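For reference, data_2.cif (mmCIF, C-alpha atoms and all ligand atoms):
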data_start
#
loop_
_atom_site.label_atom_id
_atom_site.label_comp_id
_atom_site.auth_asym_id
_atom_site.auth_seq_id
_atom_site.Cartn_x
_atom_site.Cartn_y
_atom_site.Cartn_z
CA MET A 22 23.72 -103.89 44.09
CA GLU A 23 21.65 -104.97 47.09
CA ASN A 24 21.76 -102.51 50.02
CA THR A 25 23.13 -99.82 47.70
CA PRO A 26 21.08 -96.66 47.95
CA TYR A 27 19.29 -96.11 44.68
CA ARG A 28 17.83 -93.02 43.11
CA THR A 29 14.47 -93.58 41.41
CA VAL A 30 13.62 -91.57 38.30
CA PHE A 31 9.98 -91.27 37.15
CA GLY A 32 9.57 -89.98 33.60
CA ALA A 33 12.85 -91.69 32.71
CA THR A 34 11.95 -92.10 29.01
CA GLY A 35 11.02 -88.43 28.65
CA LYS A 36 13.21 -85.56 27.52
CA ILE A 37 14.40 -84.48 30.96
CA GLY A 38 14.44 -88.02 32.34
CA ARG A 39 16.71 -89.33 29.57
CA ALA A 40 19.17 -86.49 30.06
CA LEU A 41 19.12 -87.07 33.83
CA LEU A 42 19.80 -90.81 33.43
CA GLY A 43 22.89 -89.92 31.39
CA PHE A 44 24.31 -87.86 34.27
CA LEU A 45 23.45 -90.49 36.91
CA SER A 46 24.89 -93.33 34.85
CA GLU A 47 28.10 -91.46 34.12
CA ALA A 48 28.51 -90.73 37.85
CA GLN A 49 27.94 -94.47 38.53
CA LEU A 50 25.02 -93.76 40.87
CA PRO A 51 22.73 -96.82 41.00
CA THR A 52 19.41 -95.77 39.53
CA ILE A 53 15.94 -97.24 39.09
CA ALA A 54 14.38 -95.86 35.92
CA VAL A 55 10.58 -96.08 35.62
CA THR A 56 8.50 -96.48 32.48
CA ARG A 57 5.09 -97.94 31.67
CA ASP A 58 6.62 -99.66 28.67
CA LEU A 59 9.93 -101.49 29.05
CA GLY A 60 10.18 -101.50 25.26
CA ARG A 61 11.16 -97.81 25.58
CA ALA A 62 13.98 -98.53 28.06
CA GLU A 63 17.46 -97.46 27.03
CA SER A 64 20.24 -99.65 28.39
CA LEU A 65 22.81 -97.71 30.44
CA PRO A 66 25.41 -98.73 33.03
CA PHE A 67 24.15 -98.46 36.64
CA VAL A 68 20.54 -98.07 35.47
CA GLU A 69 17.90 -100.74 36.15
CA TRP A 70 14.49 -100.36 34.53
CA VAL A 71 11.25 -101.15 36.35
CA ALA A 72 7.79 -101.11 34.75
CA ALA A 73 5.23 -99.14 36.73
CA ASP A 74 2.29 -96.85 36.09
CA MET A 75 1.73 -93.77 38.23
CA SER A 76 -2.03 -94.26 37.83
CA ARG A 77 -1.78 -97.76 39.39
CA PRO A 78 -0.53 -97.38 43.00
CA GLU A 79 0.01 -101.12 43.41
CA THR A 80 2.83 -100.97 40.81
CA LEU A 81 4.76 -98.22 42.63
CA PRO A 82 6.35 -99.83 45.77
CA ALA A 83 8.70 -101.97 43.65
CA THR A 84 10.22 -98.81 42.15
CA MET A 85 11.41 -97.32 45.44
CA GLU A 86 12.04 -100.12 47.95
CA ASN A 87 15.82 -99.49 48.09
CA SER A 88 15.86 -95.81 47.19
CA VAL A 89 17.01 -92.84 49.22
CA ALA A 90 15.68 -90.29 46.76
CA ALA A 91 13.13 -90.02 43.98
CA PHE A 92 12.79 -87.64 41.05
CA LEU A 93 9.41 -87.03 39.44
CA VAL A 94 8.58 -85.59 36.05
CA SER A 95 5.58 -86.49 33.91
CA GLY A 96 3.76 -84.90 31.01
CA MET A 97 0.45 -83.16 31.53
CA GLY A 98 -2.51 -85.59 31.36
CA ALA A 99 -6.08 -85.57 32.64
CA ASN A 100 -5.09 -87.28 35.94
CA PHE A 101 -1.81 -85.45 36.42
CA ILE A 102 -2.38 -84.35 40.03
CA ALA A 103 -3.71 -87.73 41.24
CA GLU A 104 -0.90 -89.64 39.48
CA GLN A 105 1.87 -87.43 40.88
CA HIS A 106 0.23 -87.66 44.32
CA ASN A 107 0.31 -91.48 44.05
CA VAL A 108 4.09 -91.34 43.60
CA ILE A 109 4.56 -89.00 46.58
CA THR A 110 2.42 -91.28 48.77
CA ALA A 111 4.32 -94.40 47.64
CA ALA A 112 7.67 -92.70 48.26
CA LYS A 113 6.67 -91.85 51.80
CA ALA A 114 5.43 -95.42 52.41
CA ALA A 115 8.65 -96.89 50.99
CA GLY A 116 10.82 -94.84 53.37
CA VAL A 117 12.34 -92.66 50.65
CA LYS A 118 13.92 -89.66 52.35
CA SER A 119 14.17 -87.04 49.61
CA PHE A 120 11.85 -86.16 46.78
CA VAL A 121 12.67 -83.90 43.84
CA LYS A 122 9.73 -82.63 41.79
CA LEU A 123 10.01 -81.10 38.36
CA SER A 124 7.42 -78.33 38.38
CA SER A 125 7.14 -75.20 36.24
CA ALA A 126 8.02 -71.53 36.53
CA ALA A 127 4.31 -71.00 35.87
CA ALA A 128 3.67 -72.40 39.37
CA GLY A 129 5.96 -70.07 41.26
CA LYS A 130 6.90 -66.54 42.15
CA SER A 131 8.34 -65.76 38.72
CA TRP A 132 4.79 -65.92 37.29
CA PRO A 133 3.34 -62.37 37.19
CA ALA A 134 1.06 -61.85 40.20
CA HIS A 135 -1.59 -59.93 38.21
CA ILE A 136 -2.23 -62.81 35.76
CA ALA A 137 -4.11 -66.00 36.68
CA PRO A 138 -1.74 -68.99 36.55
CA SER A 139 -2.04 -71.28 33.53
CA ALA A 140 -3.84 -74.61 34.04
CA ILE A 141 -0.43 -76.31 34.00
CA GLY A 142 0.90 -73.88 36.59
CA GLN A 143 -2.11 -74.51 38.84
CA SER A 144 -1.71 -78.30 38.59
CA HIS A 145 1.98 -78.15 39.45
CA ARG A 146 1.26 -75.80 42.35
CA LYS A 147 -1.29 -78.26 43.76
CA VAL A 148 1.26 -81.12 43.60
CA GLU A 149 3.93 -78.90 45.17
CA ASP A 150 1.55 -78.30 48.10
CA LEU A 151 0.87 -82.04 48.44
CA LEU A 152 4.61 -82.73 48.43
CA LYS A 153 5.31 -80.07 51.07
CA ALA A 154 2.60 -81.61 53.28
CA SER A 155 3.92 -85.17 52.80
CA GLY A 156 6.66 -85.15 55.41
CA LEU A 157 9.29 -86.00 52.76
CA ASP A 158 12.36 -83.79 52.36
CA TRP A 159 11.53 -81.92 49.16
CA THR A 160 13.27 -79.94 46.45
CA ILE A 161 11.25 -78.28 43.69
CA LEU A 162 12.56 -77.30 40.26
CA GLN A 163 10.58 -74.62 38.41
CA PRO A 164 11.94 -74.26 34.87
CA THR A 165 10.82 -71.69 32.34
CA GLY A 166 10.31 -72.48 28.61
CA PHE A 167 12.68 -75.13 27.21
CA MET A 168 14.97 -74.36 24.25
CA GLN A 169 14.11 -77.91 23.15
CA ASN A 170 10.61 -76.59 22.27
CA TRP A 171 12.36 -75.07 19.22
CA LEU A 172 13.02 -78.57 17.85
CA GLY A 173 9.99 -79.53 15.74
CA GLU A 174 7.57 -77.25 13.92
CA PHE A 175 9.63 -74.18 14.90
CA SER A 176 12.93 -75.52 13.51
CA LYS A 177 11.08 -76.86 10.44
CA ARG A 178 9.87 -73.33 9.58
CA VAL A 179 13.45 -72.07 9.94
CA LYS A 180 14.78 -74.89 7.78
CA GLU A 181 12.14 -74.59 5.04
CA GLU A 182 11.29 -70.86 5.08
CA ARG A 183 14.08 -69.22 7.10
CA SER A 184 11.26 -67.73 9.17
CA ILE A 185 10.10 -67.73 12.78
CA TYR A 186 6.35 -67.33 13.45
CA GLU A 187 5.56 -66.42 17.05
CA ALA A 188 3.00 -64.25 18.84
CA THR A 189 5.30 -62.88 21.54
CA GLY A 190 5.80 -59.44 19.96
CA ASP A 191 8.98 -57.84 21.25
CA GLY A 192 8.75 -59.66 24.59
CA GLY A 193 11.60 -61.84 25.76
CA ARG A 194 12.15 -64.86 27.98
CA ALA A 195 15.25 -66.44 29.52
CA TYR A 196 14.75 -69.82 27.81
CA ILE A 197 16.53 -72.78 29.40
CA ASP A 198 18.33 -75.72 27.82
CA LEU A 199 16.80 -78.78 29.45
CA ARG A 200 20.26 -80.27 29.79
CA ASP A 201 20.73 -77.65 32.54
CA ILE A 202 17.51 -78.80 34.21
CA ALA A 203 18.72 -82.41 34.12
CA GLU A 204 22.13 -81.42 35.47
CA VAL A 205 20.54 -79.47 38.33
CA ALA A 206 18.32 -82.49 39.10
CA PHE A 207 21.39 -84.73 39.07
CA THR A 208 23.28 -82.38 41.40
CA VAL A 209 20.36 -82.37 43.82
CA LEU A 210 19.97 -86.17 43.68
CA LYS A 211 23.68 -86.63 44.41
CA ASP A 212 23.37 -84.81 47.73
CA PRO A 213 19.67 -84.22 48.42
CA ALA A 214 20.10 -83.11 52.06
CA LYS A 215 22.04 -80.08 50.86
CA HIS A 216 19.06 -78.94 48.75
CA ALA A 217 16.16 -79.89 51.05
CA GLY A 218 13.44 -77.24 51.31
CA GLN A 219 14.68 -75.35 48.23
CA THR A 220 12.62 -74.20 45.27
CA TYR A 221 14.93 -73.48 42.37
CA ILE A 222 13.65 -71.32 39.52
CA LEU A 223 15.54 -72.48 36.44
CA THR A 224 16.08 -69.99 33.63
CA GLY A 225 18.80 -69.23 31.15
CA ASP A 226 21.07 -66.24 31.86
CA GLU A 227 19.93 -64.13 28.87
CA VAL A 228 16.48 -62.77 28.06
CA LEU A 229 15.85 -63.17 24.33
CA ASN A 230 13.01 -62.09 22.10
CA TYR A 231 12.46 -63.63 18.70
CA TRP A 232 14.16 -60.77 16.83
CA GLN A 233 17.31 -61.63 18.78
CA LEU A 234 16.87 -65.38 18.40
CA ALA A 235 16.43 -64.96 14.63
CA ASP A 236 19.82 -63.19 14.57
CA ILE A 237 21.45 -65.88 16.71
CA ILE A 238 20.14 -68.71 14.51
CA GLY A 239 21.10 -66.75 11.39
CA THR A 240 24.66 -66.31 12.67
CA VAL A 241 25.01 -69.99 13.54
CA ILE A 242 23.65 -71.30 10.23
CA HIS A 243 25.13 -68.46 8.10
CA GLN A 244 21.72 -67.61 6.61
CA LYS A 245 19.32 -64.73 7.12
CA VAL A 246 16.44 -65.76 9.41
CA THR A 247 13.39 -63.50 9.73
CA TYR A 248 11.01 -63.18 12.65
CA VAL A 249 7.39 -62.76 11.51
CA PRO A 250 5.40 -61.48 14.53
CA LEU A 251 1.87 -62.92 14.68
CA THR A 252 -1.17 -61.64 16.54
CA LEU A 253 -2.51 -63.95 19.24
CA GLU A 254 -5.49 -64.72 16.98
CA GLU A 255 -3.21 -65.67 14.06
CA ALA A 256 -1.20 -67.92 16.37
CA ARG A 257 -4.38 -69.59 17.61
CA GLU A 258 -5.57 -70.23 14.04
CA ARG A 259 -2.22 -71.75 13.05
CA MET A 260 -2.29 -74.10 16.05
CA GLU A 261 -5.92 -75.08 15.43
CA LYS A 262 -4.99 -76.13 11.88
CA THR A 263 -2.48 -78.64 13.33
CA GLY A 264 -5.24 -80.33 15.36
CA MET A 265 -3.60 -79.44 18.69
CA PRO A 266 -5.95 -79.93 21.70
CA GLN A 267 -7.76 -76.76 22.82
CA TRP A 268 -6.28 -76.76 26.32
CA THR A 269 -2.73 -76.92 24.91
CA ILE A 270 -3.53 -74.07 22.53
CA GLN A 271 -4.96 -72.00 25.38
CA THR A 272 -1.88 -72.66 27.53
CA LEU A 273 0.49 -71.62 24.73
CA ILE A 274 -1.57 -68.50 24.01
CA THR A 275 -1.43 -67.56 27.71
CA TYR A 276 2.37 -67.98 27.73
CA ALA A 277 2.67 -65.89 24.54
CA GLU A 278 0.45 -63.18 26.02
CA VAL A 279 2.50 -63.00 29.21
CA GLN A 280 5.68 -62.76 27.14
CA ARG A 281 4.42 -60.13 24.67
CA ASN A 282 3.36 -57.98 27.64
CA GLY A 283 6.93 -58.04 28.93
CA ASP A 284 6.01 -60.18 31.96
CA ALA A 285 8.27 -63.17 31.21
CA THR A 286 11.68 -61.57 31.66
CA TYR A 287 12.51 -63.10 35.04
CA VAL A 288 16.15 -64.24 35.23
CA SER A 289 17.21 -66.51 38.06
CA ASN A 290 20.71 -67.22 39.31
CA ASP A 291 19.79 -70.69 40.57
CA VAL A 292 21.39 -72.70 37.72
CA GLN A 293 24.65 -70.85 38.30
CA GLN A 294 24.36 -71.32 42.04
CA VAL A 295 23.66 -75.07 41.94
CA LEU A 296 26.01 -75.97 39.07
CA GLY A 297 28.74 -73.41 39.72
CA LYS A 298 28.77 -72.44 36.04
CA PRO A 299 26.64 -70.30 33.72
CA ALA A 300 23.51 -71.67 32.07
CA ARG A 301 23.92 -73.01 28.52
CA THR A 302 23.33 -70.28 25.93
CA ALA A 303 20.88 -70.21 23.02
CA ALA A 304 23.80 -69.89 20.58
CA ALA A 305 25.37 -73.06 22.00
CA PHE A 306 22.00 -74.83 21.87
CA ILE A 307 21.45 -73.92 18.20
CA ALA A 308 25.02 -74.95 17.32
CA ASP A 309 24.54 -78.32 19.09
CA HIS A 310 21.30 -78.91 17.13
CA ILE A 311 22.35 -77.24 13.89
CA GLU A 312 20.96 -79.98 11.63
CA TRP A 313 17.44 -79.18 12.83
CA PHE A 314 17.75 -75.60 11.54
CA ARG A 315 20.13 -75.63 8.57
N1 LIG A 401 8.12 -77.66 27.71
C1 LIG A 401 8.38 -76.64 28.49
O1 LIG A 401 8.79 -75.55 28.03
C2 LIG A 401 8.17 -76.78 29.98
C3 LIG A 401 8.47 -75.68 30.81
C4 LIG A 401 8.33 -75.84 32.21
C5 LIG A 401 7.88 -77.05 32.74
N2 LIG A 401 7.59 -78.09 31.89
C6 LIG A 401 7.12 -79.36 32.50
O2 LIG A 401 7.95 -80.42 32.04
C7 LIG A 401 7.20 -81.63 32.15
C8 LIG A 401 7.43 -82.47 30.89
O3 LIG A 401 8.78 -82.92 30.91
P1 LIG A 401 9.38 -83.76 29.68
O4 LIG A 401 9.26 -82.88 28.45
O5 LIG A 401 10.70 -84.32 30.06
O6 LIG A 401 8.30 -84.92 29.60
P2 LIG A 401 8.02 -85.93 28.40
O7 LIG A 401 9.19 -85.97 27.47
O8 LIG A 401 6.65 -85.61 27.86
O9 LIG A 401 7.97 -87.33 29.17
C9 LIG A 401 6.92 -87.68 30.02
C10 LIG A 401 7.36 -88.87 30.87
O10 LIG A 401 6.32 -89.14 31.82
C11 LIG A 401 6.19 -90.54 31.91
N3 LIG A 401 4.80 -90.86 32.32
C12 LIG A 401 3.68 -90.21 31.90
N4 LIG A 401 2.60 -90.79 32.47
C13 LIG A 401 3.06 -91.81 33.25
C14 LIG A 401 2.44 -92.77 34.09
N5 LIG A 401 1.10 -92.83 34.23
N6 LIG A 401 3.22 -93.67 34.75
C15 LIG A 401 4.57 -93.64 34.59
N7 LIG A 401 5.23 -92.75 33.81
C16 LIG A 401 4.48 -91.85 33.15
C17 LIG A 401 6.49 -91.06 30.51
O11 LIG A 401 6.95 -92.40 30.65
P3 LIG A 401 6.45 -93.67 29.74
O12 LIG A 401 5.61 -93.12 28.61
O13 LIG A 401 7.73 -94.31 29.29
O14 LIG A 401 5.70 -94.52 30.69
C18 LIG A 401 7.62 -90.13 30.08
O15 LIG A 401 8.87 -90.66 30.48
C19 LIG A 401 5.73 -81.26 32.36
O16 LIG A 401 5.38 -81.47 33.70
C20 LIG A 401 5.72 -79.76 32.04
O17 LIG A 401 4.73 -79.06 32.75
C21 LIG A 401 7.72 -77.97 30.54
#
Could you show the structure in this file as structure tokens?
Amino acid sequence: MENTPYRTVFGATGKIGRALLGFLSEAQLPTIAVTRDLGRAESLPFVEWVAADMSRPETLPATMENSVAAFLVSGMGANFIAEQHNVITAAKAAGVKSFVKLSSAAAGKSWPAHIAPSAIGQSHRKVEDLLKASGLDWTILQPTGFMQNWLGEFSKRVKEERSIYEATGDGGRAYIDLRDIAEVAFTVLKDPAKHAGQTYILTGDEVLNYWQLADIIGTVIHQKVTYVPLTLEEARERMEKTGMPQWTIQTLITYAEVQRNGDATYVSNDVQQVLGKPARTAAAFIADHIEWFR
């Protein structure tokens, strides 16, 4: 596949990255997938894995030497900004033309102006600024809360107690299925020039609070599911008991506070505009993951 333009995917073993690789592979677009640990690599047609570490700049050129475009997602760590900046710098040096960054709605205009951005939002915003100053053609994706966050402790409570414990009061959010995020990223990577200079805010089409989600889950699994609203303090105590790091707890409390105040109801049309179809619904998401909840 020499001389074939590649797309490079950072965060390829993560939730969004894996879904994105599926789309790229199916479309037969040659792809370099990056991981620190090749033991985590999933074999797929048209996907070549390269080991590299965003915190070690010397490992990065090999990931992008034949690439026209790069996609970057990584989880939040202590050196998040410096690591993401390393990838942007290496992309520029390698002659990559287009760069797609997975950011967060918390970094953009859908975040309420009267509330200080979360630490995660601030970090993403800083990297967005570095990307815009890099000289690369850029596209930024700012998703809101993922439906996939419901898979884990949340779905376990539904399965074992038929209950939802959240501190968002009556407030809603237009949660997004991360398969839509991956499909938008794929669509941008297919034809990056068409999306250069765009910031897409990625939300679902329907604002849901947890009373409504309890009904949706109940309908899908044919069982009554009850929403038990918590105070912010109760939510904090529950998270502390799980041993979650303080900064994660604080971030989640901030998101819950914004939502319970009715400040998280932003709905964007960008998924529809980029994909030419509606965003995946919560009912479809629950049905597709029914074994987690039933
Ligand atoms: N959850 C939400 O509701 C939500 C909402 C909006 C935005 N976001 C954003 O979504 C992002 C998380 O996406 P995700 O859930 O798909 O991530 P994830 O599943 O946690 O995966 C993280 C990926 O980053 C890679 N990575 C981390 N450090 C690396 C390094 N030093 N060098 C190379 N690769 C590295 C990991 O690869 P290896 O371990 O294989 O090396 C892994 O593939 C975060 O930026 C978050 O702010 C989340």
Protein and nucleic acid residues within 7 Å of ligand LIG 401 (chain A) (only C-alpha atoms and all ligand atoms) as a PyMOL selection string = chain A and resi 31-38+55-58+61+73-76+94-97+104+123-126+141+163-167+170
Please indicate the distance in Å from CA of Gln49 (chain A) to CA of Ala91 (chain A), rounded to one decimal place.
->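 Spanning CA of Gln49 (chain A) to CA of Ala91 (chain A) is a straight-line distance of 16.4 Å.
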Nearest to Leu172 (chain A) among A:Glu261, A:Glu254, A:Asp150, A:Asp198, with distances taken over all atoms listed in the file: which residue is it?
->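 For Leu172 (chain A), the nearest of the candidates is A:Asp198.
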Select all residues near (4.2, -91.5, 46.1) (cut-off 12 Å, inclusive, file coordinates), counting all atoms listed in the file, and output them as a ChimeraX atom specification.
-> /A:29,31,74-86,90-93,102-122,148,151-152,155-157
What lies within 9 Å of Pro26 (chain A) using all atoms listed in the file, ignoring chain neighbours under 4 positions off, as a compact mmCIF listing (two decimals) with C-alpha atoms, keeping the file's coordinate frame?
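And here is the file that came out, part23.txt:
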# COMPACT_ATOMS: atom_id res chain seq x y z
CA MET A 22 23.72 -103.89 44.09
CA LEU A 50 25.02 -93.76 40.87
CA PRO A 51 22.73 -96.82 41.00
CA THR A 52 19.41 -95.77 39.53
CA ASN A 87 15.82 -99.49 48.09
CA SER A 88 15.86 -95.81 47.19
CA VAL A 89 17.01 -92.84 49.22
CA ALA A 90 15.68 -90.29 46.76
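The protein and nucleic acid residues lying at most 9 Å from Gly192 (chain A) are Thr189, Gly190, Arg194, Leu229, Asn230, Tyr231, Ala277, Val279, Gln280, Arg281, Asn282, Gly283, Asp284, Ala285 and Thr286 of chain A, with only C-alpha atoms considered and sequence neighbours fewer than 2 positions away removed.
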Determine, counting all atoms listed in the file, which protein, DNA and RNA residues have an atom within 7 Å of an atom of Val249 (chain A); residues of the same chain fewer than 3 positions away are not included. Present the result as a list in words.
-> Ser184, Ile185, Tyr186 and Glu187 of chain A
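Between CA of Gly193 (chain A) and CA of Gly225 (chain A) lies a distance of 11.6 Å.
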Selection: 6 Å around Ile53 (chain A), all atoms listed in the file, excl. self and same-chain fewer than 5 positions, as a compact mmCIF listing (two decimals) with C-alpha atoms, in the coordinates of the input:
# COMPACT_ATOMS: atom_id res chain seq x y z
CA THR A 29 14.47 -93.58 41.41
CA VAL A 68 20.54 -98.07 35.47
CA GLU A 69 17.90 -100.74 36.15
CA TRP A 70 14.49 -100.36 34.53
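Residues in contact with Lys298 (chain A) at 12 Å, where only C-alpha atoms are counted and same-chain residues fewer than 4 positions away are skipped, are listed as A:Asp201, A:Glu204, A:Val205, A:Gly225, A:Asp226, A:Asn290, A:Asp291, A:Val292, A:Gln293, A:Gln294, A:Thr302.
Put simply, CA of Leu210 (chain A) is 16.7 Å away from CA of Ile222 (chain A).
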Shortest interatomic distance to Leu45 (chain A) - which of A:Thr208, A:Thr263, A:Gln244, A:Ser139, counting only C-alpha atoms =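 Using only C-alpha atoms, the shortest distance to Leu45 (chain A) belongs to A:Thr208.
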Neighbour residues at most 9 Å from (-4.4, -76.1, 31.3) (all atoms listed in the file) as an NGL selection string | :A and (97 or 139-144 or 268-269 or 271-272)
Restricting it to C-alpha atoms, dump the selection as a PDB file, in the frame of the given file.
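Output contents, as saved in selection_2.pdb:
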ATOM      1  CA  MET A  97       0.450 -83.160  31.530  1.00  0.00           C
ATOM      2  CA  SER A 139      -2.040 -71.280  33.530  1.00  0.00           C
ATOM      3  CA  ALA A 140      -3.840 -74.610  34.040  1.00  0.00           C
ATOM      4  CA  ILE A 141      -0.430 -76.310  34.000  1.00  0.00           C
ATOM      5  CA  GLY A 142       0.900 -73.880  36.590  1.00  0.00           C
ATOM      6  CA  GLN A 143      -2.110 -74.510  38.840  1.00  0.00           C
ATOM      7  CA  SER A 144      -1.710 -78.300  38.590  1.00  0.00           C
ATOM      8  CA  TRP A 268      -6.280 -76.760  26.320  1.00  0.00           C
ATOM      9  CA  THR A 269      -2.730 -76.920  24.910  1.00  0.00           C
ATOM     10  CA  GLN A 271      -4.960 -72.000  25.380  1.00  0.00           C
ATOM     11  CA  THR A 272      -1.880 -72.660  27.530  1.00  0.00           C
TER      12      THR A 272
END
From the list A:Ala235, A:Ala214, A:Leu253, A:Val241, which residue is nearest Arg183 (chain A) when using only C-alpha atoms?
->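 Going through A:Ala235, A:Ala214, A:Leu253, A:Val241 one by one, the smallest distance to Arg183 (chain A) is for A:Ala235.
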